[in-house]
>>> print(open('query.csv').read())   # CSV, C-alpha atoms
chain,number,residue,atom,x,y,z
M,1,MET,CA,-65.8,-163.3,147.6
M,2,LYS,CA,-66.3,-160.1,145.6
M,3,THR,CA,-69.8,-159.5,144.3
M,4,LEU,CA,-71.2,-156.9,142.1
M,5,PRO,CA,-73.6,-154.3,143.6
M,6,ASN,CA,-77.2,-155.1,142.8
M,7,PHE,CA,-78.9,-151.8,143.0
M,8,MET,CA,-78.0,-148.1,142.7
M,9,ARG,CA,-80.2,-145.8,144.7
M,10,LEU,CA,-80.2,-142.2,143.5
M,11,TYR,CA,-82.0,-139.2,144.9
M,12,ILE,CA,-81.8,-135.7,143.5
M,13,GLY,CA,-84.2,-133.0,144.7
M,14,LYS,CA,-84.8,-129.5,145.9
M,15,LYS,CA,-86.0,-129.1,149.4
M,16,GLY,CA,-89.8,-129.0,149.6
M,17,HIS,CA,-90.1,-130.8,146.3
M,18,ARG,CA,-90.4,-134.5,145.5
M,19,GLY,CA,-87.3,-134.6,143.3
M,20,ILE,CA,-86.1,-137.7,141.4
M,21,ARG,CA,-86.0,-140.9,143.4
M,22,LEU,CA,-84.6,-143.9,141.5
M,23,THR,CA,-83.7,-147.4,142.5
M,24,PHE,CA,-81.9,-148.8,139.5
M,25,PRO,CA,-81.3,-152.5,139.1
M,26,LEU,CA,-77.7,-152.6,138.0
M,27,VAL,CA,-78.2,-156.0,136.3
M,28,LEU,CA,-79.6,-154.1,133.3
M,29,LEU,CA,-76.4,-152.2,133.1
M,30,TYR,CA,-74.3,-155.3,133.5
M,31,LEU,CA,-76.1,-157.0,130.6
M,32,LEU,CA,-75.3,-154.0,128.4
M,33,LEU,CA,-71.7,-154.0,129.6
M,34,LEU,CA,-71.4,-157.7,128.9
M,35,LEU,CA,-72.7,-157.2,125.4
M,36,LEU,CA,-70.3,-154.3,124.8
M,37,ALA,CA,-67.4,-156.4,126.2
M,38,ILE,CA,-68.2,-159.3,123.9
M,39,ILE,CA,-68.4,-156.9,120.9
M,40,LEU,CA,-65.2,-155.2,121.8
M,41,LEU,CA,-63.3,-158.5,122.5
M,42,PRO,CA,-62.0,-159.1,118.9
M,43,LEU,CA,-60.9,-155.4,118.7
M,44,LEU,CA,-59.1,-155.7,122.0
M,45,LEU,CA,-57.3,-158.9,120.8
M,46,ILE,CA,-56.2,-157.1,117.6
M,47,ALA,CA,-55.1,-154.0,119.6
M,48,THR,CA,-53.2,-156.3,121.9
M,49,ILE,CA,-51.2,-157.8,119.0
M,50,VAL,CA,-50.7,-154.5,117.3
M,51,LEU,CA,-49.5,-152.7,120.5
M,52,LEU,CA,-47.3,-155.5,121.6
M,53,PRO,CA,-44.0,-153.9,120.3
M,54,TRP,CA,-44.8,-150.7,122.3
M,55,GLY,CA,-45.1,-152.6,125.6
M,56,TRP,CA,-48.8,-152.1,126.1
M,57,GLY,CA,-50.1,-155.4,124.5
M,58,TRP,CA,-50.6,-157.9,127.3
M,59,SER,CA,-51.7,-155.3,129.9
M,60,LEU,CA,-54.7,-154.5,127.6
M,61,LEU,CA,-56.0,-158.0,128.3
M,62,LEU,CA,-56.2,-157.0,132.0
M,63,ILE,CA,-58.9,-154.3,131.3
M,64,TYR,CA,-61.8,-156.7,131.8
M,65,PRO,CA,-60.8,-158.2,135.2
M,66,ARG,CA,-59.7,-154.7,136.4
M,67,PHE,CA,-63.0,-153.2,135.3
M,68,TYR,CA,-64.9,-156.0,137.0
M,69,ALA,CA,-62.9,-155.4,140.2
M,70,LEU,CA,-63.7,-151.7,140.0
M,71,LEU,CA,-67.4,-152.4,139.7
M,72,CYS,CA,-67.3,-154.8,142.6
M,73,ALA,CA,-65.5,-152.2,144.7
M,74,LEU,CA,-68.4,-149.8,144.2
M,75,LYS,CA,-70.6,-151.9,146.5
M,76,GLU,CA,-71.4,-150.0,149.7
M,77,LEU,CA,-70.3,-146.7,148.2
M,78,GLU,CA,-72.5,-144.0,149.7
M,79,VAL,CA,-72.5,-140.3,148.9
M,80,ASP,CA,-75.0,-138.0,150.7
M,81,ILE,CA,-74.8,-134.3,150.2
M,82,GLU,CA,-77.3,-131.8,151.5
M,83,ASP,CA,-77.3,-128.0,151.4
M,84,LYS,CA,-80.0,-125.6,152.3
M,85,LYS,CA,-81.5,-125.8,148.8
M,86,GLN,CA,-81.1,-129.3,147.6
M,87,ASN,CA,-80.2,-132.9,148.3
M,88,PHE,CA,-78.1,-135.4,146.5
M,89,TYR,CA,-77.8,-139.1,147.5
M,90,VAL,CA,-76.3,-142.0,145.6
M,91,SER,CA,-75.5,-145.5,147.0
M,92,PHE,CA,-74.6,-148.8,145.6
M,93,LYS,CA,-76.0,-151.9,147.4
L,1,MET,CA,-39.4,-163.2,163.4
L,2,THR,CA,-42.2,-161.1,162.0
L,3,GLN,CA,-42.5,-160.6,158.3
L,4,ASN,CA,-41.6,-156.9,158.6
L,5,ARG,CA,-38.4,-157.5,160.5
L,6,LYS,CA,-37.4,-160.2,157.9
L,7,LYS,CA,-38.2,-157.7,155.1
L,8,ILE,CA,-36.0,-155.0,156.7
L,9,LEU,CA,-33.1,-157.4,157.2
L,10,ASP,CA,-33.4,-158.6,153.6
L,11,MET,CA,-33.3,-155.0,152.4
L,12,LEU,CA,-30.2,-154.5,154.5
L,13,ALA,CA,-28.6,-157.7,153.1
L,14,LYS,CA,-29.3,-156.5,149.6
L,15,GLY,CA,-27.8,-153.1,150.3
L,16,GLN,CA,-31.0,-151.3,149.6
L,17,ILE,CA,-30.8,-149.5,153.0
L,18,ASN,CA,-27.9,-148.8,155.3
L,19,ALA,CA,-27.5,-150.0,158.9
L,20,GLU,CA,-28.8,-146.7,160.4
L,21,GLU,CA,-31.9,-146.8,158.3
L,22,ALA,CA,-32.4,-150.5,159.1
L,23,GLU,CA,-32.1,-149.7,162.9
L,24,ARG,CA,-34.6,-146.9,162.6
L,25,LEU,CA,-37.1,-149.1,160.7
L,26,LEU,CA,-36.6,-152.0,163.2
L,27,GLU,CA,-37.4,-149.6,166.0
L,28,LEU,CA,-40.6,-148.5,164.3
L,29,VAL,CA,-41.6,-152.1,163.7
L,30,ASP,CA,-41.1,-152.8,167.4
L,31,THR,CA,-43.4,-150.1,168.6
L,32,PRO,CA,-46.9,-151.3,169.4
L,33,ALA,CA,-48.5,-148.8,167.1
L,34,ALA,CA,-46.6,-150.2,164.1
L,35,ASN,CA,-48.0,-153.7,164.6
L,36,THR,CA,-51.0,-153.3,162.4
L,37,GLU,CA,-51.1,-157.0,161.5
L,38,ASN,CA,-53.4,-157.8,164.4
L,39,LYS,CA,-55.6,-154.9,163.9
L,40,LYS,CA,-58.9,-155.2,162.0
L,41,THR,CA,-58.4,-153.9,158.5
L,42,PRO,CA,-60.6,-150.9,157.8
L,43,GLN,CA,-63.3,-151.3,155.2
L,44,TYR,CA,-64.5,-147.8,154.6
L,45,LEU,CA,-63.2,-144.3,154.5
L,46,ARG,CA,-65.7,-141.9,156.0
L,47,VAL,CA,-65.9,-138.2,155.3
L,48,THR,CA,-68.5,-136.1,157.2
L,49,ILE,CA,-69.2,-132.4,157.2
L,50,LYS,CA,-71.7,-131.1,159.7
L,51,PRO,CA,-72.6,-127.6,160.9
L,52,GLY,CA,-70.5,-126.7,163.9
L,53,ASP,CA,-71.8,-126.9,167.5
L,54,GLY,CA,-70.7,-123.4,168.4
L,55,GLU,CA,-72.7,-120.1,168.1
L,56,HIS,CA,-71.3,-119.6,164.6
L,57,GLY,CA,-72.7,-123.0,163.5
L,58,SER,CA,-74.3,-122.2,160.3
L,59,SER,CA,-77.2,-123.8,158.5
L,60,ASP,CA,-75.6,-122.6,155.2
L,61,VAL,CA,-73.0,-125.3,155.6
L,62,GLU,CA,-73.5,-128.3,153.4
L,63,ARG,CA,-74.0,-131.6,155.2
L,64,VAL,CA,-71.8,-134.2,153.6
L,65,ASN,CA,-71.7,-137.9,154.5
L,66,VAL,CA,-69.5,-140.0,152.2
L,67,ARG,CA,-68.6,-143.6,152.7
L,68,VAL,CA,-66.0,-144.9,150.3
L,69,PRO,CA,-65.1,-148.6,150.3
L,70,LEU,CA,-61.3,-149.0,150.6
L,71,ALA,CA,-61.7,-151.7,148.0
L,72,LEU,CA,-62.2,-148.9,145.5
L,73,ILE,CA,-58.7,-147.6,146.3
L,74,ARG,CA,-57.3,-151.1,145.8
L,75,ALA,CA,-59.1,-151.4,142.5
L,76,GLY,CA,-58.0,-148.0,141.4
L,77,VAL,CA,-54.4,-148.6,142.2
L,78,LYS,CA,-54.4,-151.8,140.3
L,79,PHE,CA,-55.3,-149.9,137.2
L,80,THR,CA,-51.7,-148.6,137.2
L,81,SER,CA,-50.8,-152.0,135.7
L,82,LEU,CA,-52.6,-150.9,132.5
L,83,ILE,CA,-50.3,-148.0,132.1
L,84,PRO,CA,-47.9,-148.8,129.2
L,85,ASN,CA,-44.2,-148.7,130.1
L,86,GLU,CA,-43.5,-145.7,127.9
L,87,ALA,CA,-46.2,-143.7,129.6
L,88,ALA,CA,-45.0,-144.9,133.1
L,89,ASP,CA,-41.5,-143.7,132.2
L,90,LYS,CA,-42.8,-140.3,131.3
L,91,VAL,CA,-44.7,-140.1,134.6
L,92,ASP,CA,-41.6,-141.1,136.5
L,93,CYS,CA,-39.6,-138.4,134.7
L,94,ALA,CA,-42.2,-135.7,135.5
L,95,LEU,CA,-42.2,-136.8,139.1
L,96,ARG,CA,-38.4,-136.7,139.3
L,97,GLU,CA,-38.5,-133.2,137.9
L,98,LYS,CA,-40.7,-132.3,140.8
L,99,GLY,CA,-38.2,-133.9,143.2
L,100,ILE,CA,-40.2,-137.1,143.8
L,101,SER,CA,-38.2,-140.2,143.1
L,102,TYR,CA,-40.9,-142.8,142.8
L,103,ASN,CA,-41.7,-145.4,140.2
L,104,ILE,CA,-45.4,-146.0,139.9
L,105,LYS,CA,-44.8,-149.4,138.4
L,106,ASN,CA,-43.2,-150.5,141.6
L,107,LEU,CA,-46.5,-150.1,143.5
L,108,LYS,CA,-47.3,-153.7,144.6
L,109,ASP,CA,-50.4,-155.2,146.2
L,110,GLU,CA,-48.7,-155.7,149.5
L,111,ASP,CA,-47.8,-151.9,149.6
L,112,ILE,CA,-51.5,-151.1,149.1
L,113,GLU,CA,-52.4,-153.5,151.9
L,114,GLN,CA,-49.9,-151.9,154.2
L,115,LEU,CA,-51.2,-148.4,153.3
L,116,ILE,CA,-54.8,-149.5,154.0
L,117,ALA,CA,-53.8,-151.1,157.3
L,118,ALA,CA,-52.0,-147.9,158.3
L,119,LEU,CA,-55.2,-146.0,157.5
L,120,SER,CA,-56.9,-147.7,160.5
L,121,ASP,CA,-55.2,-145.0,162.7
L,122,LEU,CA,-56.3,-142.1,160.5
L,123,GLU,CA,-58.6,-139.7,162.2
L,124,VAL,CA,-59.0,-136.0,161.2
L,125,ASP,CA,-61.3,-133.8,163.2
L,126,ILE,CA,-61.5,-130.1,162.2
L,127,GLU,CA,-63.9,-127.6,163.7
L,128,ASP,CA,-63.9,-123.9,162.9
L,129,GLY,CA,-67.1,-122.9,164.4
L,130,LYS,CA,-69.1,-122.9,161.2
L,131,ALA,CA,-68.5,-126.5,160.3
L,132,ARG,CA,-67.1,-129.7,161.7
L,133,ILE,CA,-65.2,-132.0,159.3
L,134,ASN,CA,-64.4,-135.6,160.2
L,135,VAL,CA,-62.3,-138.0,158.2
L,136,TYR,CA,-61.8,-141.5,159.5
L,137,THR,CA,-61.9,-145.2,158.6
L,138,GLU,CA,-64.2,-147.9,160.0
>>> encode(input="query.csv", output="structure tokens")
Amino acid sequence: MKTLPNFMRLYIGKKGHRGIRLTFPLVLLYLLLLLLAIILLPLLLIATIVLLPWGWGWSLLLIYPRFYALLCALKELEVDIEDKKQNFYVSFK
Amino acid sequence: MTQNRKKILDMLAKGQINAEEAERLLELVDTPAANTENKKTPQYLRVTIKPGDGEHGSSDVERVNVRVPLALIRAGVKFTSLIPNEAADKVDCALREKGISYNIKNLKDEDIEQLIAALSDLEVDIEDGKARINVYTE
């Protein structure tokens, strides 16, 4: 079963310095997104009806499930880049 | 009869491919490398860049270690269903002008799965003395 990532770990820093180290609980972001999704739902329904003659209508309703799938797919994404001056690391767990 | 053989024969029956193409496809399906159904589906695409082992191996080279879940490709491709028909037609026209005859709306889930299954054999290893680049799936 697809599950959403729980945490985003981020590290940006120059070598020899502490840099920014952040473990961000994504549930906070999900709450905001949920709120935004609820607010935008009536507008989306109106846009669906308005754009129906142009062939875009019903596919607009797929935005939410597709976006959810995209967020789920971010789980286990890991990017680690290091050069001689600085480090960048981000991962979704 | 495997699913792939059945699909090829169906395409031949519908006239989508000719007998020669069907024969070539059946040969490909019969080769052991083509039987990806029994293989474990890869989960991640890995890209790594490390300084080379040779005398020219440089510490100036960036070290890169990226792990991309292949589910991200699936999710991204599924976004094509959000493209309105008019826009998709324009994309198809632009592709046709470049000599690519492909309809992006025809991209189906099973095509993506086949593509991902085929990626299990992907392995790119480049070394130029300064850096070593690896691209593979796991």
>>> closest_atom_pairs(input="query.csv", of="chain L", to="chain M", cutoff="9 Å", atoms="only C-alpha atoms", output="CSV")
residue,atom,partner,partner_atom,distance
L:Tyr44,CA,M:Leu77,CA,8.7
L:Ser59,CA,M:Lys84,CA,7.0
L:Asp60,CA,M:Lys84,CA,6.1
L:Val61,CA,M:Asp83,CA,6.6
L:Glu62,CA,M:Asp83,CA,4.3
L:Arg63,CA,M:Glu82,CA,5.0
L:Val64,CA,M:Ile81,CA,4.5
L:Asn65,CA,M:Asp80,CA,5.0
L:Val66,CA,M:Val79,CA,4.5
L:Arg67,CA,M:Glu78,CA,4.9
L:Val68,CA,M:Leu77,CA,5.1
L:Pro69,CA,M:Leu77,CA,5.9
L:Leu70,CA,M:Ala73,CA,7.9
L:Ala71,CA,M:Ala73,CA,5.1
L:Leu72,CA,M:Ala73,CA,4.7
L:Ile73,CA,M:Ala73,CA,8.4
L:Arg74,CA,M:Ala73,CA,8.3
L:Ala75,CA,M:Leu70,CA,5.2
L:Gly76,CA,M:Leu70,CA,6.9
L:Lys78,CA,M:Arg66,CA,7.2
L:Phe79,CA,M:Arg66,CA,6.6
L:Ser81,CA,M:Ser59,CA,6.7
L:Leu82,CA,M:Ser59,CA,5.2
L:Ile83,CA,M:Trp56,CA,7.4
L:Pro84,CA,M:Trp56,CA,4.6
L:Asn85,CA,M:Gly55,CA,6.0
L:Glu86,CA,M:Gly55,CA,7.4
>>> closest_residue(input="query.csv", among="M:Phe7, M:Tyr64, M:Leu32, M:Phe24", to="M:Leu44", atoms="only C-alpha atoms")
M:Tyr64
>>> atom_distance(input="query.csv", atom1="atom CA of L:Tyr136", atom2="atom CA of L:Lys105")
28.2 Å
>>> closest_residue(input="query.csv", among="L:Val77, L:Leu115, L:Ile8, L:Ala88", to="L:Tyr102", atoms="all atoms listed in the file")
L:Ala88
>>> atom_distance(input="query.csv", atom1="atom CA of L:Asn106", atom2="atom CA of L:Leu45")
24.6 Å
>>> closest_residue(input="query.csv", among="L:Ala22, L:Ile49, L:Arg5, L:Ile17", to="L:Glu127", atoms="only C-alpha atoms")
L:Ile49
>>> atom_distance(input="query.csv", atom1="atom CA of M:Leu4", atom2="atom CA of L:Thr80")
21.8 Å
